Number of protein chains: 2
Amino acid sequence: MSAIEEKFARLGMETAPGQESRQKEQQLDLRGTPLSGKAVDFSHGDVDAFQPIPGSLNSFLNGVEKLGGRQAYTEYRGGGDTLAILSQKLSLFTGSPIDAKQELILTPGTQGALFLAMGSLVERGDKVAIVEPDYFANRKLVEFFNGKLVPIRMDYFNVHNKAGLDLDQLEQAFRSGVKVFLFSNPNNPTGVIYSPEEIAAIAQLAGQYGVTLIVDELYSRQVFDDRHYTHLCAEPNGPAQMVTIIGPSKTESLSGYRLGAAFGSPIIIERMEKLQAIVSLRAAGYCQAVFANWFSEPAGWMAQRILEHQQIRDDLVGLLRSCEGVKVRLTEAGSYVFPQLPPLDVSIKDFVKILRTHAQVTVTPGTEFGPQFTNSVRLNFSQDAASARAAVERLIEITNRYRA
Amino acid sequence: MSAIEEKFARLGMETAPGQESRQKEQQLDLRGTPLSGKAVDFSHGDVDAFQPIPGSLNSFLNGVEKLGGRQAYTEYRGGGDTLAILSQKLSLFTGSPIDAKQELILTPGTQGALFLAMGSLVERGDKVAIVEPDYFANRKLVEFFNGKLVPIRMDYFNVHNKAGLDLDQLEQAFRSGVKVFLFSNPNNPTGVIYSPEEIAAIAQLAGQYGVTLIVDELYSRQVFDDRHYTHLCAEPNGPAQMVTIIGPSKTESLSGYRLGAAFGSPIIIERMEKLQAIVSLRAAGYCQAVFANWFSEPAGWMAQRILEHQQIRDDLVGLLRSCEGVKVRLTEAGSYVFPQLPPLDVSIKDFVKILRTHAQVTVTPGTEFGPQFTNSVRLNFSQDAASARAAVERLIEITNRYRA
């Protein structure tokens, strides 16, 4: 195989969330009668169950009809008016000043922001530290840019009120020459929040060793049980260079518009814009108008949304814990739950396919988040509450059929 | 400088189309009184002057309101229904069969398609042939992926009824180990169409030397004077691997929705989808619904649009030719004209800044399309006809003030 063939062979996608329908037909060891019920796709949130921020579509229409060409062709980093307003909102939210002209870029989704940030920082052979488990695209991005993956353990089961990141291992990695450290907070897939002490330690170590940070805060608005959330960008002793990524695709259900944002060091933002110029030019111009509603939701809307998710979380986590051998940490923020299943007598990839074929339940295998998570699955519980409950009941029934 | 600093230093953007407002203030040699008039931005088309395909917004609303979550979260390569319909339309248009499931991907603009195609084919050190002049991002993409640029001359001034590509130089390049050849047809910035013989020769040479082709047909629907246009993908003796890129951002004025498409060899399309999964996930889901109107324009709409552009072209080319020393080839397809100006006593970059500052006319310097085009500028004449005429009159007046 040529170098590029090898690279794309590693960039697997078949089991990635949302791609299940492209899986090739194969013989599965189906046991018992099929379980019927409304199909639930836990690979992403259901924007029909949790609708976009009210008024979003009107903002879009305003972009098309009132602003016209000015909205269609913004600068690559995004329209100036949107940048000005959004920089203020994000400053307020994070407690760190953001210069609208130099420190903020709008992107096609947070995925777009992540790709641009990594492409702006990682060259062949650069060491990049990532957390295990963490968002599945992180490791793929390191591979695409020919970086060297340095995994850091997160012992999320055996700690309280912190993520459980192995800070000794992190320092060792930084000392060994890691150039970039990328992590999500709240963590995807476990839904844990990094403690103030963990965030302070990461910031301090990055400063000490000259490591650039990419902090993915996609789910940072959806925090449960009034927990404390710490924005690394507001740390007084932070690194020389960092970028924070956030967007309205999840809690706010605006994924269909593909909007994201990144803010941080001007030198990184400028590179990201240069790269965006050849990647996709800009976040869709008309869609950018929808940013107007973000952080300007109707009074009480966000609190209600968080409450509804908290109730679904409690319901599903309770159900999962009723299944013998299932281990699950209570989600602290975001819409993911990452249960570890009891030992099964089929591989996790086959289990996931069986679950989809035999019980109309789509989940993402743990191995997408780190090779060692061979017994875990991720569920996005931003779903219709009753359908989700019934689907988790089917998940438990199928689990029971395949116990090792 | 580190390798990545050097790379981004080369990825200049300041003079790229649409980025002019980010240019740093500097002292310019402004001569004579400022020329007033309605500002015209020839760096891209004016979608207020030439509006999107009628019904596009309704299709978008249908995507949001009727299809909902199904439309928001399509597979990475695009929604199945859209792929099915679009593959048929593009088959009809190009005269080559396209398998909806294996050979087509939807992308955020044709820029997105181009980036994914290049990222799927070019590794460090790979030789990539590009045409000079050609679309400015082509050379930047080669640089970003650490390929080796092999420029091929196009003698567009001294030929008739063909583009003027140097086929001997192309064969020499292919023989020397070029892996990918990327070109736009109609050519951006000159607006020339490759002849049937040129296309047949490119296809044959690519087949003979095992070169993969990327053909950018973005402007292939807007052909003037009933000229013949040849789709390389329909050649009987084509290369083993190729991909064709097209989209509705230009003639159809749908740029604000960021939509593009690529079709071709399944192995390339599959890699492009894997890459899209980490670049931006998908073309904005709701926006994908707007593809319904593409190639389904109201009767007579496209003919009228082409006619109106032809009239503006004739007007502006006539004006430009009235200016002593200006050399310009009549645009055969697309909305670009690429006049060579008489010798000036300022650099082309300064000239472009002076023109913008002193006469409210924005054009793109020729050096964006190849380092040797130091006396040319590109204009996108998809503009309000009267404003465009007045702006070209100001361009001529400024040219006269800076003759060497």
# chains A, B, ... in the order shown; residues from 1 in each chain; ligands from 1
call {"tool": "interface_residues", "arguments": {"of": "chain A", "to": "chain B", "cutoff": "6 Å", "atoms": "only C-alpha atoms", "output": "VMD selection string"}}
result
chain A and resid 19 47 to 48 69 72 75 108 111 to 112 115 137 256 to 258 278 to 280 284 to 286
call {"tool": "select_by_dssp", "arguments": {"residues": "region 109-326 of chain A", "states": "alpha helix (DSSP H)", "output": "PyMOL selection string"}}
result
chain A and resi 109-121+136-144+167-175+196-209+266-279+285-288+301-321
call {"tool": "closest_residue", "arguments": {"among": "B:Gln222, B:Thr244, B:Gln27, B:Ser43", "to": "Asp350 (chain B)", "atoms": "only C-alpha atoms"}}
result
B:Gln27
call {"tool": "atom_distance", "arguments": {"atom1": "CA of Lys179 (chain A)", "atom2": "CA of Phe263 (chain A)"}}
result
19.0 Å
call {"tool": "atom_distance", "arguments": {"atom1": "CA of Asn400 (chain A)", "atom2": "CA of Val363 (chain A)"}}
result
16.5 Å
call {"tool": "atom_distance", "arguments": {"atom1": "CA of Lys327 (chain B)", "atom2": "CA of Ser376 (chain B)"}}
result
9.2 Å
call {"tool": "residues_around", "arguments": {"residues": "Gln383 (chain B)", "least_positions_apart": "2", "cutoff": "12 Å", "atoms": "only C-alpha atoms", "output": "PyMOL selection string"}}
result
(chain A and resi 69) or (chain B and resi 38-51+250-251+253+305+308-313+316+335-336+379-381+385-392)
call {"tool": "residues_around", "arguments": {"residues": "region 28-31 of chain B", "least_positions_apart": "5", "cutoff": "10 Å", "atoms": "only C-alpha atoms", "output": "PDB file with all heavy atoms, in the first residue's frame"}}
result
ATOM      1  N   VAL B 346       3.540  50.738 -10.860  1.00  0.00           N
ATOM      2  CA  VAL B 346       3.393  50.206  -9.497  1.00  0.00           C
ATOM      3  C   VAL B 346       3.185  48.690  -9.624  1.00  0.00           C
ATOM      4  O   VAL B 346       2.828  48.204 -10.697  1.00  0.00           O
ATOM      5  CB  VAL B 346       2.186  50.832  -8.738  1.00  0.00           C
ATOM      6  CG1 VAL B 346       2.447  52.284  -8.389  1.00  0.00           C
ATOM      7  CG2 VAL B 346       0.897  50.680  -9.561  1.00  0.00           C
ATOM      8  N   ASP B 350      -0.089  46.582  -5.420  1.00  0.00           N
ATOM      9  CA  ASP B 350      -0.388  47.968  -5.068  1.00  0.00           C
ATOM     10  C   ASP B 350      -1.477  48.537  -5.973  1.00  0.00           C
ATOM     11  O   ASP B 350      -2.364  49.267  -5.513  1.00  0.00           O
ATOM     12  CB  ASP B 350       0.881  48.833  -5.156  1.00  0.00           C
ATOM     13  CG  ASP B 350       1.719  48.743  -3.890  1.00  0.00           C
ATOM     14  OD1 ASP B 350       1.289  48.041  -2.944  1.00  0.00           O
ATOM     15  OD2 ASP B 350       2.794  49.366  -3.835  1.00  0.00           O
ATOM     16  N   PHE B 351      -1.415  48.206  -7.249  1.00  0.00           N
ATOM     17  CA  PHE B 351      -2.426  48.700  -8.175  1.00  0.00           C
ATOM     18  C   PHE B 351      -3.826  48.293  -7.711  1.00  0.00           C
ATOM     19  O   PHE B 351      -4.757  49.105  -7.703  1.00  0.00           O
ATOM     20  CB  PHE B 351      -2.149  48.159  -9.586  1.00  0.00           C
ATOM     21  CG  PHE B 351      -3.175  48.585 -10.596  1.00  0.00           C
ATOM     22  CD1 PHE B 351      -3.122  49.846 -11.183  1.00  0.00           C
ATOM     23  CD2 PHE B 351      -4.215  47.727 -10.950  1.00  0.00           C
ATOM     24  CE1 PHE B 351      -4.090  50.242 -12.105  1.00  0.00           C
ATOM     25  CE2 PHE B 351      -5.183  48.119 -11.863  1.00  0.00           C
ATOM     26  CZ  PHE B 351      -5.120  49.374 -12.441  1.00  0.00           C
ATOM     27  N   LYS B 353      -4.768  47.564  -4.711  1.00  0.00           N
ATOM     28  CA  LYS B 353      -5.138  48.307  -3.498  1.00  0.00           C
ATOM     29  C   LYS B 353      -5.519  49.752  -3.821  1.00  0.00           C
ATOM     30  O   LYS B 353      -6.468  50.303  -3.251  1.00  0.00           O
ATOM     31  CB  LYS B 353      -3.982  48.289  -2.489  1.00  0.00           C
ATOM     32  CG  LYS B 353      -3.794  46.940  -1.825  1.00  0.00           C
ATOM     33  CD  LYS B 353      -2.579  46.943  -0.902  1.00  0.00           C
ATOM     34  CE  LYS B 353      -2.290  45.537  -0.405  1.00  0.00           C
ATOM     35  NZ  LYS B 353      -1.026  45.434   0.320  1.00  0.00           N
ATOM     36  N   ILE B 354      -4.775  50.359  -4.733  1.00  0.00           N
ATOM     37  CA  ILE B 354      -5.079  51.735  -5.156  1.00  0.00           C
ATOM     38  C   ILE B 354      -6.472  51.784  -5.775  1.00  0.00           C
ATOM     39  O   ILE B 354      -7.289  52.659  -5.469  1.00  0.00           O
ATOM     40  CB  ILE B 354      -4.013  52.224  -6.169  1.00  0.00           C
ATOM     41  CG1 ILE B 354      -2.676  52.454  -5.451  1.00  0.00           C
ATOM     42  CG2 ILE B 354      -4.479  53.483  -6.890  1.00  0.00           C
ATOM     43  CD1 ILE B 354      -1.479  52.566  -6.379  1.00  0.00           C
ATOM     44  N   LEU B 355      -6.751  50.822  -6.630  1.00  0.00           N
ATOM     45  CA  LEU B 355      -8.041  50.767  -7.326  1.00  0.00           C
ATOM     46  C   LEU B 355      -9.189  50.676  -6.324  1.00  0.00           C
ATOM     47  O   LEU B 355     -10.240  51.306  -6.485  1.00  0.00           O
ATOM     48  CB  LEU B 355      -8.030  49.537  -8.244  1.00  0.00           C
ATOM     49  CG  LEU B 355      -9.166  49.373  -9.243  1.00  0.00           C
ATOM     50  CD1 LEU B 355      -9.176  50.528 -10.242  1.00  0.00           C
ATOM     51  CD2 LEU B 355      -9.012  48.030  -9.992  1.00  0.00           C
ATOM     52  N   THR B 357      -9.047  51.584  -3.027  1.00  0.00           N
ATOM     53  CA  THR B 357      -9.068  52.752  -2.162  1.00  0.00           C
ATOM     54  C   THR B 357      -9.551  53.998  -2.895  1.00  0.00           C
ATOM     55  O   THR B 357     -10.305  54.803  -2.350  1.00  0.00           O
ATOM     56  CB  THR B 357      -7.637  53.032  -1.653  1.00  0.00           C
ATOM     57  OG1 THR B 357      -7.098  51.836  -1.114  1.00  0.00           O
ATOM     58  CG2 THR B 357      -7.622  54.129  -0.604  1.00  0.00           C
ATOM     59  N   HIS B 358      -9.107  54.150  -4.138  1.00  0.00           N
ATOM     60  CA  HIS B 358      -9.277  55.410  -4.855  1.00  0.00           C
ATOM     61  C   HIS B 358     -10.468  55.394  -5.812  1.00  0.00           C
ATOM     62  O   HIS B 358     -10.904  56.437  -6.275  1.00  0.00           O
ATOM     63  CB  HIS B 358      -7.986  55.687  -5.648  1.00  0.00           C
ATOM     64  CG  HIS B 358      -7.529  57.111  -5.583  1.00  0.00           C
ATOM     65  ND1 HIS B 358      -7.545  57.857  -4.426  1.00  0.00           N
ATOM     66  CD2 HIS B 358      -7.033  57.941  -6.541  1.00  0.00           C
ATOM     67  CE1 HIS B 358      -7.095  59.071  -4.678  1.00  0.00           C
ATOM     68  NE2 HIS B 358      -6.775  59.154  -5.954  1.00  0.00           N
ATOM     69  N   ILE B 398      -7.903  54.656 -13.823  1.00  0.00           N
ATOM     70  CA  ILE B 398      -6.789  54.406 -12.886  1.00  0.00           C
ATOM     71  C   ILE B 398      -5.602  53.790 -13.640  1.00  0.00           C
ATOM     72  O   ILE B 398      -4.442  54.149 -13.407  1.00  0.00           O
ATOM     73  CB  ILE B 398      -7.247  53.507 -11.709  1.00  0.00           C
ATOM     74  CG1 ILE B 398      -8.345  54.210 -10.889  1.00  0.00           C
ATOM     75  CG2 ILE B 398      -6.076  53.130 -10.812  1.00  0.00           C
ATOM     76  CD1 ILE B 398      -7.886  55.365 -10.022  1.00  0.00           C
ATOM     77  N   ARG B 401      -3.596  56.379 -15.216  1.00  0.00           N
ATOM     78  CA  ARG B 401      -2.802  57.197 -14.296  1.00  0.00           C
ATOM     79  C   ARG B 401      -1.494  56.517 -13.879  1.00  0.00           C
ATOM     80  O   ARG B 401      -0.596  57.172 -13.364  1.00  0.00           O
ATOM     81  CB  ARG B 401      -3.605  57.487 -13.019  1.00  0.00           C
ATOM     82  CG  ARG B 401      -4.793  58.416 -13.236  1.00  0.00           C
ATOM     83  CD  ARG B 401      -5.463  58.738 -11.897  1.00  0.00           C
ATOM     84  NE  ARG B 401      -6.734  59.435 -12.089  1.00  0.00           N
ATOM     85  CZ  ARG B 401      -7.558  59.749 -11.108  1.00  0.00           C
ATOM     86  NH1 ARG B 401      -7.255  59.435  -9.851  1.00  0.00           N
ATOM     87  NH2 ARG B 401      -8.688  60.385 -11.348  1.00  0.00           N
ATOM     88  N   TYR B 402      -1.459  55.187 -14.028  1.00  0.00           N
ATOM     89  CA  TYR B 402      -0.277  54.446 -13.527  1.00  0.00           C
ATOM     90  C   TYR B 402       0.510  53.760 -14.645  1.00  0.00           C
ATOM     91  O   TYR B 402       1.290  52.863 -14.383  1.00  0.00           O
ATOM     92  CB  TYR B 402      -0.705  53.424 -12.461  1.00  0.00           C
ATOM     93  CG  TYR B 402      -1.179  54.101 -11.197  1.00  0.00           C
ATOM     94  CD1 TYR B 402      -2.499  54.521 -11.060  1.00  0.00           C
ATOM     95  CD2 TYR B 402      -0.285  54.377 -10.150  1.00  0.00           C
ATOM     96  CE1 TYR B 402      -2.941  55.181  -9.921  1.00  0.00           C
ATOM     97  CE2 TYR B 402      -0.722  55.029  -9.004  1.00  0.00           C
ATOM     98  CZ  TYR B 402      -2.052  55.427  -8.895  1.00  0.00           C
ATOM     99  OH  TYR B 402      -2.468  56.079  -7.758  1.00  0.00           O
TER     100      TYR B 402
END
call {"tool": "select_by_dssp", "arguments": {"residues": "region 297-404 of chain B", "states": "strand (DSSP E or B)", "output": "list of chain:residue names"}}
result
B:Lys327, B:Ala333, B:Tyr336, B:Val337, B:Gln340, B:Leu344, B:Val361, B:Thr362, B:Thr364, B:Pro365, B:Ser376, B:Val377, B:Arg378, B:Leu379, B:Asn380, B:Arg403
